[in-house]
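> Data file upload-v7.tsv (TSV, N, CA and C atoms and all ligand atoms) is appended below.
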chain	number	residue	atom	x	y	z
A	1	MET	N	45.19	56.13	-20.74
A	1	MET	CA	43.80	56.32	-20.32
A	1	MET	C	43.77	57.32	-19.16
A	2	ALA	N	42.88	58.28	-19.27
A	2	ALA	CA	42.75	59.28	-18.22
A	2	ALA	C	42.21	58.65	-16.95
A	3	SER	N	42.70	59.13	-15.81
A	3	SER	CA	42.13	58.64	-14.57
A	3	SER	C	40.81	59.37	-14.31
A	4	ARG	N	39.99	58.74	-13.51
A	4	ARG	CA	38.66	59.27	-13.26
A	4	ARG	C	38.42	59.31	-11.75
A	5	VAL	N	37.76	60.35	-11.31
A	5	VAL	CA	37.37	60.46	-9.91
A	5	VAL	C	35.89	60.83	-9.84
A	6	PRO	N	35.18	60.29	-8.85
A	6	PRO	CA	33.77	60.67	-8.72
A	6	PRO	C	33.65	62.10	-8.21
A	7	LEU	N	32.64	62.81	-8.71
A	7	LEU	CA	32.40	64.19	-8.31
A	7	LEU	C	31.87	64.27	-6.87
A	8	VAL	N	31.18	63.22	-6.45
A	8	VAL	CA	30.64	63.17	-5.09
A	8	VAL	C	31.08	61.86	-4.43
A	9	ASP	N	31.18	61.88	-3.11
A	9	ASP	CA	31.68	60.70	-2.38
A	9	ASP	C	30.75	59.50	-2.49
A	10	HIS	N	29.45	59.73	-2.69
A	10	HIS	CA	28.53	58.59	-2.69
A	10	HIS	C	28.40	57.92	-4.06
A	11	LEU	N	29.20	58.36	-5.03
A	11	LEU	CA	29.26	57.69	-6.32
A	11	LEU	C	30.50	56.82	-6.36
A	12	VAL	N	30.30	55.52	-6.61
A	12	VAL	CA	31.40	54.57	-6.74
A	12	VAL	C	31.54	54.26	-8.23
A	13	LEU	N	32.75	54.31	-8.77
A	13	LEU	CA	32.94	54.10	-10.22
A	13	LEU	C	33.34	52.67	-10.58
A	14	GLU	N	34.01	51.97	-9.67
A	14	GLU	CA	34.52	50.63	-9.98
A	14	GLU	C	33.92	49.61	-9.04
A	15	PRO	N	33.64	48.41	-9.52
A	15	PRO	CA	33.87	47.93	-10.87
A	15	PRO	C	32.86	48.48	-11.88
A	16	GLU	N	31.73	48.97	-11.41
A	16	GLU	CA	30.78	49.65	-12.29
A	16	GLU	C	30.09	50.72	-11.46
A	17	PRO	N	29.60	51.79	-12.11
A	17	PRO	CA	29.03	52.89	-11.35
A	17	PRO	C	27.83	52.47	-10.49
A	18	ARG	N	27.89	52.86	-9.23
A	18	ARG	CA	26.82	52.59	-8.26
A	18	ARG	C	26.80	53.74	-7.26
A	19	LEU	N	25.67	53.85	-6.56
A	19	LEU	CA	25.59	54.78	-5.44
A	19	LEU	C	25.82	54.01	-4.16
A	20	ARG	N	26.48	54.66	-3.21
A	20	ARG	CA	26.83	54.03	-1.94
A	20	ARG	C	26.33	54.92	-0.81
A	21	SER	N	25.73	54.31	0.18
A	21	SER	CA	25.27	55.09	1.32
A	21	SER	C	26.03	54.68	2.57
A	22	ALA	N	25.99	55.58	3.55
A	22	ALA	CA	26.47	55.27	4.89
A	22	ALA	C	25.28	54.71	5.64
A	23	VAL	N	25.46	53.57	6.29
A	23	VAL	CA	24.37	52.90	6.99
A	23	VAL	C	24.65	52.93	8.49
A	24	CYS	N	23.69	53.43	9.24
A	24	CYS	CA	23.83	53.48	10.69
A	24	CYS	C	23.95	52.07	11.25
A	25	GLY	N	24.97	51.82	12.03
A	25	GLY	CA	25.19	50.51	12.63
A	25	GLY	C	24.18	50.17	13.71
A	26	THR	N	23.45	51.15	14.21
A	26	THR	CA	22.48	50.92	15.28
A	26	THR	C	21.08	50.71	14.72
A	27	CYS	N	20.60	51.63	13.85
A	27	CYS	CA	19.20	51.55	13.39
A	27	CYS	C	19.09	51.28	11.88
A	28	GLU	N	20.22	51.17	11.17
A	28	GLU	CA	20.27	50.86	9.74
A	28	GLU	C	19.68	51.95	8.84
A	29	ALA	N	19.53	53.17	9.34
A	29	ALA	CA	19.13	54.29	8.48
A	29	ALA	C	20.23	54.55	7.46
A	30	ASP	N	19.83	54.91	6.22
A	30	ASP	CA	20.79	55.16	5.14
A	30	ASP	C	20.93	56.65	4.88
A	31	PHE	N	22.16	57.05	4.59
A	31	PHE	CA	22.44	58.45	4.26
A	31	PHE	C	23.43	58.48	3.10
A	32	LEU	N	23.11	59.23	2.05
A	32	LEU	CA	24.02	59.29	0.91
A	32	LEU	C	25.22	60.20	1.19
A	33	THR	N	25.09	61.08	2.13
A	33	THR	CA	26.22	61.95	2.45
A	33	THR	C	26.84	61.52	3.78
A	34	ARG	N	28.12	61.80	3.92
A	34	ARG	CA	28.85	61.43	5.13
A	34	ARG	C	28.23	62.15	6.34
A	35	ARG	N	28.14	61.44	7.45
A	35	ARG	CA	27.55	62.03	8.65
A	35	ARG	C	28.45	61.75	9.84
A	36	ASN	N	28.40	62.65	10.80
A	36	ASN	CA	29.09	62.40	12.06
A	36	ASN	C	28.21	61.62	13.01
A	37	ALA	N	26.88	61.78	12.87
A	37	ALA	CA	25.94	61.07	13.72
A	37	ALA	C	24.67	60.80	12.93
A	38	CYS	N	23.99	59.73	13.29
A	38	CYS	CA	22.75	59.34	12.62
A	38	CYS	C	21.64	60.32	12.97
A	39	ALA	N	20.92	60.81	11.94
A	39	ALA	CA	19.83	61.75	12.16
A	39	ALA	C	18.62	61.05	12.77
A	40	SER	N	18.59	59.73	12.73
A	40	SER	CA	17.45	59.00	13.26
A	40	SER	C	17.65	58.62	14.72
A	41	CYS	N	18.84	58.13	15.07
A	41	CYS	CA	19.04	57.63	16.45
A	41	CYS	C	20.23	58.24	17.16
A	42	GLY	N	21.04	59.02	16.46
A	42	GLY	CA	22.21	59.63	17.09
A	42	GLY	C	23.43	58.74	17.11
A	43	GLY	N	23.31	57.52	16.58
A	43	GLY	CA	24.45	56.60	16.55
A	43	GLY	C	25.61	57.18	15.76
A	44	THR	N	26.82	56.73	16.09
A	44	THR	CA	28.00	57.26	15.41
A	44	THR	C	28.80	56.17	14.69
A	45	ASP	N	28.29	54.95	14.68
A	45	ASP	CA	28.97	53.84	14.00
A	45	ASP	C	28.28	53.60	12.65
A	46	PHE	N	29.03	53.73	11.55
A	46	PHE	CA	28.44	53.59	10.21
A	46	PHE	C	29.15	52.52	9.40
A	47	GLY	N	28.38	51.80	8.61
A	47	GLY	CA	28.90	50.90	7.60
A	47	GLY	C	28.59	51.47	6.24
A	48	GLU	N	28.69	50.64	5.20
A	48	GLU	CA	28.40	51.09	3.84
A	48	GLU	C	27.44	50.12	3.17
A	49	ARG	N	26.65	50.65	2.26
A	49	ARG	CA	25.75	49.83	1.46
A	49	ARG	C	25.78	50.36	0.03
A	50	THR	N	25.89	49.46	-0.94
A	50	THR	CA	25.91	49.84	-2.34
A	50	THR	C	24.58	49.44	-2.96
A	51	TRP	N	24.03	50.33	-3.79
A	51	TRP	CA	22.69	50.16	-4.32
A	51	TRP	C	22.70	49.79	-5.79
A	52	GLY	N	21.57	49.27	-6.25
A	52	GLY	CA	21.38	48.97	-7.66
A	52	GLY	C	21.26	50.25	-8.47
A	53	THR	N	21.19	50.12	-9.78
A	53	THR	CA	21.24	51.28	-10.66
A	53	THR	C	19.87	51.74	-11.14
A	54	ASP	N	18.82	50.97	-10.88
A	54	ASP	CA	17.51	51.30	-11.45
A	54	ASP	C	16.57	51.91	-10.42
A	55	GLY	N	15.69	52.78	-10.90
A	55	GLY	CA	14.72	53.40	-10.03
A	55	GLY	C	13.57	53.96	-10.83
A	56	THR	N	12.71	54.72	-10.16
A	56	THR	CA	11.59	55.36	-10.83
A	56	THR	C	11.51	56.83	-10.38
A	57	VAL	N	11.00	57.66	-11.27
A	57	VAL	CA	10.83	59.08	-10.98
A	57	VAL	C	9.60	59.26	-10.09
A	58	VAL	N	9.78	59.90	-8.95
A	58	VAL	CA	8.64	60.15	-8.06
A	58	VAL	C	8.25	61.63	-8.04
A	59	ALA	N	9.14	62.50	-8.50
A	59	ALA	CA	8.82	63.92	-8.61
A	59	ALA	C	9.88	64.56	-9.51
A	60	PHE	N	9.51	65.65	-10.15
A	60	PHE	CA	10.50	66.35	-10.98
A	60	PHE	C	10.08	67.79	-11.16
A	61	THR	N	11.04	68.61	-11.55
A	61	THR	CA	10.77	69.98	-11.93
A	61	THR	C	11.73	70.35	-13.06
A	62	ILE	N	11.29	71.25	-13.91
A	62	ILE	CA	12.14	71.75	-14.98
A	62	ILE	C	12.77	73.04	-14.47
A	63	VAL	N	14.09	73.08	-14.42
A	63	VAL	CA	14.81	74.23	-13.90
A	63	VAL	C	15.20	75.14	-15.06
A	64	HIS	N	14.78	76.42	-14.96
A	64	HIS	CA	15.07	77.38	-16.03
A	64	HIS	C	16.07	78.46	-15.63
A	65	ARG	N	16.40	78.53	-14.35
A	65	ARG	CA	17.38	79.51	-13.89
A	65	ARG	C	18.41	78.79	-13.05
A	66	ALA	N	19.68	79.10	-13.28
A	66	ALA	CA	20.75	78.45	-12.53
A	66	ALA	C	21.94	79.39	-12.45
A	67	ALA	N	22.97	78.95	-11.76
A	67	ALA	CA	24.20	79.74	-11.63
A	67	ALA	C	24.81	79.96	-13.02
A	68	PRO	N	25.57	81.03	-13.17
A	68	PRO	CA	26.23	81.28	-14.46
A	68	PRO	C	27.05	80.06	-14.90
A	69	GLY	N	26.93	79.72	-16.17
A	69	GLY	CA	27.68	78.60	-16.71
A	69	GLY	C	26.96	77.27	-16.66
A	70	VAL	N	25.85	77.21	-15.94
A	70	VAL	CA	25.08	75.97	-15.87
A	70	VAL	C	24.01	76.01	-16.96
A	71	PRO	N	24.08	75.09	-17.91
A	71	PRO	CA	23.10	75.12	-19.01
A	71	PRO	C	21.68	74.85	-18.50
A	72	VAL	N	20.73	75.65	-18.96
A	72	VAL	CA	19.32	75.46	-18.65
A	72	VAL	C	18.55	75.41	-19.96
A	73	PRO	N	17.36	74.82	-19.97
A	73	PRO	CA	16.72	74.16	-18.85
A	73	PRO	C	17.28	72.76	-18.63
A	74	PHE	N	17.09	72.25	-17.41
A	74	PHE	CA	17.42	70.86	-17.10
A	74	PHE	C	16.35	70.32	-16.16
A	75	VAL	N	16.35	69.01	-15.99
A	75	VAL	CA	15.33	68.36	-15.18
A	75	VAL	C	15.93	67.91	-13.86
A	76	SER	N	15.45	68.45	-12.77
A	76	SER	CA	15.82	68.00	-11.43
A	76	SER	C	14.73	67.05	-10.96
A	77	ALA	N	15.13	65.90	-10.44
A	77	ALA	CA	14.13	64.88	-10.10
A	77	ALA	C	14.43	64.22	-8.77
A	78	ILE	N	13.40	63.63	-8.22
A	78	ILE	CA	13.53	62.73	-7.07
A	78	ILE	C	13.32	61.33	-7.63
A	79	VAL	N	14.29	60.46	-7.40
A	79	VAL	CA	14.25	59.10	-7.92
A	79	VAL	C	14.26	58.12	-6.74
A	80	ARG	N	13.31	57.20	-6.75
A	80	ARG	CA	13.31	56.14	-5.74
A	80	ARG	C	14.03	54.94	-6.35
A	81	LEU	N	15.16	54.58	-5.77
A	81	LEU	CA	15.89	53.41	-6.26
A	81	LEU	C	15.07	52.16	-5.99
A	82	GLN	N	15.17	51.23	-6.91
A	82	GLN	CA	14.37	50.01	-6.85
A	82	GLN	C	14.56	49.27	-5.52
A	83	ASP	N	15.76	49.31	-5.00
A	83	ASP	CA	16.04	48.53	-3.79
A	83	ASP	C	16.31	49.39	-2.57
A	84	GLY	N	15.86	50.64	-2.58
A	84	GLY	CA	16.13	51.37	-1.36
A	84	GLY	C	15.83	52.84	-1.35
A	85	PRO	N	16.86	53.63	-1.24
A	85	PRO	CA	16.69	55.03	-0.87
A	85	PRO	C	16.12	55.90	-1.98
A	86	ILE	N	15.76	57.11	-1.59
A	86	ILE	CA	15.30	58.13	-2.51
A	86	ILE	C	16.46	59.09	-2.73
A	87	VAL	N	16.70	59.44	-4.00
A	87	VAL	CA	17.85	60.25	-4.39
A	87	VAL	C	17.38	61.46	-5.17
A	88	GLN	N	17.93	62.62	-4.85
A	88	GLN	CA	17.69	63.81	-5.68
A	88	GLN	C	18.82	63.86	-6.70
A	89	SER	N	18.46	64.00	-7.97
A	89	SER	CA	19.45	64.03	-9.04
A	89	SER	C	18.83	64.68	-10.26
A	90	ASN	N	19.63	64.88	-11.28
A	90	ASN	CA	19.10	65.37	-12.55
A	90	ASN	C	18.74	64.20	-13.44
A	91	LEU	N	17.74	64.41	-14.30
A	91	LEU	CA	17.48	63.44	-15.36
A	91	LEU	C	18.34	63.85	-16.55
A	92	VAL	N	18.93	62.88	-17.22
A	92	VAL	CA	19.77	63.14	-18.39
A	92	VAL	C	19.19	62.36	-19.56
A	93	ASP	N	19.61	62.74	-20.74
A	93	ASP	CA	19.16	62.08	-21.97
A	93	ASP	C	17.65	62.11	-22.11
A	94	VAL	N	17.03	63.22	-21.70
A	94	VAL	CA	15.59	63.40	-21.86
A	94	VAL	C	15.33	64.88	-22.15
A	95	GLU	N	14.35	65.14	-22.99
A	95	GLU	CA	13.99	66.53	-23.26
A	95	GLU	C	13.48	67.18	-21.98
A	96	PRO	N	13.94	68.40	-21.66
A	96	PRO	CA	13.45	69.08	-20.45
A	96	PRO	C	12.06	69.67	-20.70
A	97	ASP	N	11.12	68.77	-20.87
A	97	ASP	CA	9.75	69.13	-21.23
A	97	ASP	C	8.82	68.14	-20.52
A	98	PRO	N	7.80	68.65	-19.82
A	98	PRO	CA	6.91	67.74	-19.08
A	98	PRO	C	6.24	66.70	-19.97
A	99	ALA	N	6.15	66.96	-21.27
A	99	ALA	CA	5.53	65.99	-22.17
A	99	ALA	C	6.38	64.72	-22.31
A	100	HIS	N	7.68	64.80	-21.91
A	100	HIS	CA	8.58	63.66	-22.07
A	100	HIS	C	8.91	62.97	-20.76
A	101	ILE	N	8.30	63.41	-19.67
A	101	ILE	CA	8.62	62.86	-18.36
A	101	ILE	C	7.32	62.46	-17.67
A	102	VAL	N	7.30	61.26	-17.13
A	102	VAL	CA	6.09	60.74	-16.50
A	102	VAL	C	6.45	60.28	-15.09
A	103	LEU	N	5.62	60.61	-14.12
A	103	LEU	CA	5.84	60.08	-12.77
A	103	LEU	C	5.76	58.57	-12.83
A	104	GLY	N	6.67	57.91	-12.15
A	104	GLY	CA	6.75	56.46	-12.19
A	104	GLY	C	7.60	55.93	-13.34
A	105	MET	N	8.12	56.83	-14.16
A	105	MET	CA	8.95	56.44	-15.30
A	105	MET	C	10.21	55.72	-14.81
A	106	PRO	N	10.52	54.55	-15.39
A	106	PRO	CA	11.73	53.85	-14.99
A	106	PRO	C	12.99	54.55	-15.52
A	107	VAL	N	13.99	54.65	-14.68
A	107	VAL	CA	15.25	55.30	-15.04
A	107	VAL	C	16.41	54.46	-14.53
A	108	ARG	N	17.57	54.73	-15.08
A	108	ARG	CA	18.79	54.00	-14.70
A	108	ARG	C	19.93	54.98	-14.49
A	109	LEU	N	20.76	54.70	-13.50
A	109	LEU	CA	21.94	55.52	-13.22
A	109	LEU	C	22.80	55.66	-14.47
A	110	ARG	N	23.23	56.87	-14.74
A	110	ARG	CA	24.07	57.13	-15.91
A	110	ARG	C	25.16	58.11	-15.48
A	111	THR	N	26.41	57.79	-15.76
A	111	THR	CA	27.50	58.69	-15.41
A	111	THR	C	27.95	59.47	-16.64
A	112	PHE	N	28.57	60.61	-16.38
A	112	PHE	CA	29.11	61.43	-17.47
A	112	PHE	C	30.27	62.27	-16.92
A	113	VAL	N	31.13	62.68	-17.82
A	113	VAL	CA	32.28	63.49	-17.42
A	113	VAL	C	31.82	64.94	-17.27
A	114	ALA	N	31.95	65.47	-16.06
A	114	ALA	CA	31.51	66.83	-15.77
A	114	ALA	C	32.62	67.84	-16.01
A	115	GLY	N	33.86	67.38	-16.06
A	115	GLY	CA	34.98	68.28	-16.29
A	115	GLY	C	36.29	67.52	-16.27
A	116	THR	N	37.33	68.14	-16.79
A	116	THR	CA	38.65	67.53	-16.83
A	116	THR	C	39.67	68.55	-16.36
A	117	ASP	N	40.59	68.14	-15.46
A	117	ASP	CA	41.58	69.11	-14.98
A	117	ASP	C	42.79	69.15	-15.92
A	118	ASP	N	43.78	69.98	-15.58
A	118	ASP	CA	44.94	70.17	-16.45
A	118	ASP	C	45.77	68.91	-16.62
A	119	ASN	N	45.62	67.95	-15.72
A	119	ASN	CA	46.37	66.69	-15.82
A	119	ASN	C	45.57	65.61	-16.53
A	120	GLY	N	44.39	65.96	-17.03
A	120	GLY	CA	43.58	64.98	-17.74
A	120	GLY	C	42.71	64.13	-16.85
A	121	VAL	N	42.65	64.45	-15.55
A	121	VAL	CA	41.81	63.68	-14.64
A	121	VAL	C	40.36	64.10	-14.84
A	122	GLU	N	39.50	63.12	-15.08
A	122	GLU	CA	38.09	63.39	-15.33
A	122	GLU	C	37.29	63.33	-14.04
A	123	ALA	N	36.45	64.34	-13.84
A	123	ALA	CA	35.50	64.33	-12.73
A	123	ALA	C	34.19	63.76	-13.26
A	124	VAL	N	33.75	62.68	-12.64
A	124	VAL	CA	32.58	61.96	-13.14
A	124	VAL	C	31.38	62.26	-12.25
A	125	ALA	N	30.30	62.71	-12.88
A	125	ALA	CA	29.06	63.00	-12.18
A	125	ALA	C	28.02	61.95	-12.58
A	126	TYR	N	26.84	62.03	-11.98
A	126	TYR	CA	25.81	61.07	-12.36
A	126	TYR	C	24.46	61.76	-12.47
A	127	GLY	N	23.59	61.11	-13.21
A	127	GLY	CA	22.20	61.48	-13.31
A	127	GLY	C	21.43	60.19	-13.56
A	128	PHE	N	20.17	60.34	-13.90
A	128	PHE	CA	19.37	59.16	-14.23
A	128	PHE	C	18.75	59.37	-15.61
A	129	ALA	N	18.84	58.34	-16.44
A	129	ALA	CA	18.31	58.42	-17.81
A	129	ALA	C	17.12	57.47	-17.93
A	130	PRO	N	16.13	57.87	-18.73
A	130	PRO	CA	14.98	56.98	-18.95
A	130	PRO	C	15.42	55.66	-19.59
A	131	LEU	N	14.75	54.58	-19.19
A	131	LEU	CA	14.97	53.30	-19.85
A	131	LEU	C	14.13	53.27	-21.11
A	132	ASP	N	14.70	52.74	-22.15
A	132	ASP	CA	13.96	52.67	-23.42
A	132	ASP	C	13.11	51.43	-23.47
B	201	ZN	ZN	20.70	55.31	13.52
Taking this structure as input, can you express it in the form of structure tokens?
Ligand SMILES: [Zn+2]

Amino acid sequence: MASRVPLVDHLVLEPEPRLRSAVCGTCEADFLTRRNACASCGGTDFGERTWGTDGTVVAFTIVHRAAPGVPVPFVSAIVRLQDGPIVQSNLVDVEPDPAHIVLGMPVRLRTFVAGTDDNGVEAVAYGFAPLD
């Protein structure tokens, strides 16, 4: 079985895919990316918090131009997780057409293999897919 690594630090793969934030030990502000200091209070002591997989779409755009090699069009969205933070991510498993995307649409975290290196190690990325 190929080993797998998350493409970004805030994606946890085991025991099941989840997003993880750094939580300020002073004011409890959440940040999905690593920080040296809290943007809210300046604190430097951080813990971790792991979030649920479900959320809703609060904004989206259809992207038609991207760097070479990036397939377009795709849907870039802002997703509010059911139990917490707001995440910018792509929507997956949906037609990149406004007729198929509704604000408030329920979505669930979905991982996929973004690439594989010469040793067979898979880089795992995430997006959010509509719930059926
Ligand atoms: Zn803080």
> All residues within 8 Å of ligand ZN 201 (chain B) are required, counting only C-alpha atoms and all ligand atoms; please report them as a PyMOL selection string.
chain A and resi 23-29+37-44
> With only N, CA and C atoms as the counted atoms, please give the residues lying no more than 5 Å from segment 5-21 of chain A, apart from itself and same-chain residues fewer than 4 positions off, as a ChimeraX atom specification.
/A:31-32,48-51,122-125
> Using all atoms listed in the file, which protein or nucleic acid residues come within 5 Å of Val57 of chain A? Drop anything in the same chain fewer than 4 positions from it, and give the result as an MDAnalysis selection string.
chainID A and resid 78:79 103:105
> Give me the residues near Gln88 of chain A as a PyMOL selection string, where near means some atom within 10 Å (using only C-alpha atoms) and where sequence neighbours in that chain fewer than 6 positions away do not count.
chain A and resi 57+59-60+76-80+127-128
> To one decimal place in Å, what is the distance between atom N of Asp54 of chain A and atom CA of Gln82 of chain A?
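Atom-to-atom, atom N of Asp54 of chain A to atom CA of Gln82 of chain A, that is 6.1 Å.
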> Could you state the separation of atom CA of Glu95 of chain A and atom CA of Val70 of chain A in Å, given to one decimal place?
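Interatomic distance here is 16.3 Å.
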> I'd like to know which of A:Ala99, A:Val92, A:Val75, A:Val107 is closest to Tyr126 of chain A, using only N, CA and C atoms.
A:Val92
> Would you mind reading off the distance between atom CA of Arg110 of chain A and atom CA of Phe46 of chain A, one decimal, in Å?
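Atom-to-atom, atom CA of Arg110 of chain A and atom CA of Phe46 of chain A are spaced 26.7 Å apart.
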> Would you kindly return, as an MDAnalysis selection string, each protein, DNA or RNA residue with an atom no farther than 8 Å from any atom of Val63 of chain A, considering all atoms listed in the file and excluding same-chain residues fewer than 5 positions away?
chainID A and resid 71:76 96
> Find, counting all atoms listed in the file, the residue in A:Ser89, A:Arg4, A:Gly69, A:Leu109 that gets nearest to Gly52 of chain A.
A:Leu109
> Can you pull out every residue from chain A that DSSP, working from the backbone, puts in strand (DSSP E or B), and format the result as number ranges by chain?
A: 4-6, 11-12, 18-24, 30-31, 46-50, 54-63, 74-81, 86-91, 106-116, 122-130
